[in-house]
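Report on the structure given below.
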Amino acid sequence: MSVTKGLLVRFDALPGKEDDVKEFLDSGRALVEDEQATTAWFAIRLGPTSFGIFDVFTDDAGRDAHLSGPVAVALGEQTGTLFSEPTIEKLDVLGSKLPA
């Protein structure tokens, strides 16, 4: 399977909410389990208060479906409560190594 599209979502935890953001991201994996078009999904920590999500897809349709899926809804619900307004960057994957 080849992935060609990705998303990088970045946001900063509001003061004192770092552990809550980590728990929110831990729960995110369950939200993408049923998304067949999401090939790989990663919750990431970029620094003490900086967090994000990186995920990859085989095509634009899968990425677009994910952008209207349950993780996107949950991000919207928690913006301003747990973290700052997320930045969402669409990207092209130039190379990858995924499990067979």
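For the structure tokens, the naming scheme is as follows: chains receive sequential letters (A, B, ...) according to their order of presentation, residues are indexed from 1 within each chain, and ligands are indexed from 1 in presentation order.
Residues surrounding Leu8 of chain A within 9 Å are Gly52, Ile53, Phe54, Asp55, Thr87, Ile88, Glu89, Lys90 and Leu91 of chain A [only C-alpha atoms; sequence separation below 5 positions excluded].
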### Task
Go through chain A and collect every residue that DSSP, computed from the backbone, puts in strand (DSSP E); the answer should be as a count of residues only.
30
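Within 12 Å of segment 98-100 of chain A there are Met1, Ser2, Val3, Thr39, Ala40, Trp41, Val56, Phe57 and Gly95 of chain A, counting only C-alpha atoms and ignoring same-chain residues fewer than 3 positions away.
Closest approach to Glu85 of chain A from the set A:Asp26, A:Ser50, A:Leu7, A:Arg45 is made by A:Ser50, with distances taken over only C-alpha atoms.
Between atom CA of Val32 of chain A and atom CA of Pro70 of chain A the interatomic distance comes to 7.5 Å.
Proximity to Ser27 of chain A was assessed for A:Val71, A:Asp59, A:Arg10, A:Lys97 counting only C-alpha atoms; the smallest distance is recorded for A:Val71.
Coordinates place atom CA of Phe11 of chain A at a distance of 5.7 Å from atom CA of Ser84 of chain A.
In terms of minimum interatomic distance to Leu46 of chain A, A:Val9 ranks closest within A:Ala30, A:Ala74, A:Val9, A:Leu67, counting only C-alpha atoms.
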### Message
Residues of chain A classed as alpha helix (DSSP H) by DSSP on the backbone are to be reported as a ChimeraX atom specification.
### Response
/A:18-32,60-67,70-78
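Here the question is which of A:Asp20, A:Gly80, A:Asp92, A:Pro48 gets nearest to Arg63 of chain A using only C-alpha atoms, and that residue is A:Asp92.
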### Task
Using atom CA of Thr58 of chain A and atom CA of Thr4 of chain A as the two end points, give the distance in Å to one decimal.
5.3 Å
### Task
For Lys17 of chain A, work out the shell of residues within 9 Å, counting only C-alpha atoms and skipping chain neighbours fewer than 4 positions away, then give it as a VMD selection string.
chain A and resid 13 21 to 22 49 81 to 83
File of the preceding selection, N, CA, C and O atoms, as a short mmCIF file (atom, residue, chain, number, x, y, z; two decimals), in the first residue's frame:
```
data_model
loop_
_atom_site.label_atom_id
_atom_site.label_comp_id
_atom_site.auth_asym_id
_atom_site.auth_seq_id
_atom_site.Cartn_x
_atom_site.Cartn_y
_atom_site.Cartn_z
N ALA A 13 -1.30 23.26 24.13
CA ALA A 13 -2.17 23.09 25.29
C ALA A 13 -2.34 24.43 25.99
O ALA A 13 -1.40 25.23 26.07
N VAL A 21 -4.70 17.23 27.50
CA VAL A 21 -4.48 17.09 26.05
C VAL A 21 -3.92 15.72 25.74
O VAL A 21 -4.34 15.07 24.78
N LYS A 22 -2.98 15.24 26.56
CA LYS A 22 -2.43 13.90 26.35
C LYS A 22 -3.54 12.85 26.42
O LYS A 22 -3.61 11.96 25.57
N THR A 49 4.40 21.94 25.80
CA THR A 49 2.99 22.32 25.64
C THR A 49 2.49 22.18 24.21
O THR A 49 1.34 22.49 23.93
N THR A 81 -10.89 25.01 24.98
CA THR A 81 -11.07 24.39 26.29
C THR A 81 -9.78 23.71 26.75
O THR A 81 -9.33 23.92 27.87
N LEU A 82 -9.20 22.90 25.84
CA LEU A 82 -7.95 22.19 26.16
C LEU A 82 -6.75 22.79 25.45
O LEU A 82 -5.63 22.72 25.96
N PHE A 83 -6.97 23.33 24.25
CA PHE A 83 -5.85 23.80 23.44
C PHE A 83 -6.25 24.96 22.55
O PHE A 83 -7.43 25.26 22.38
#
```
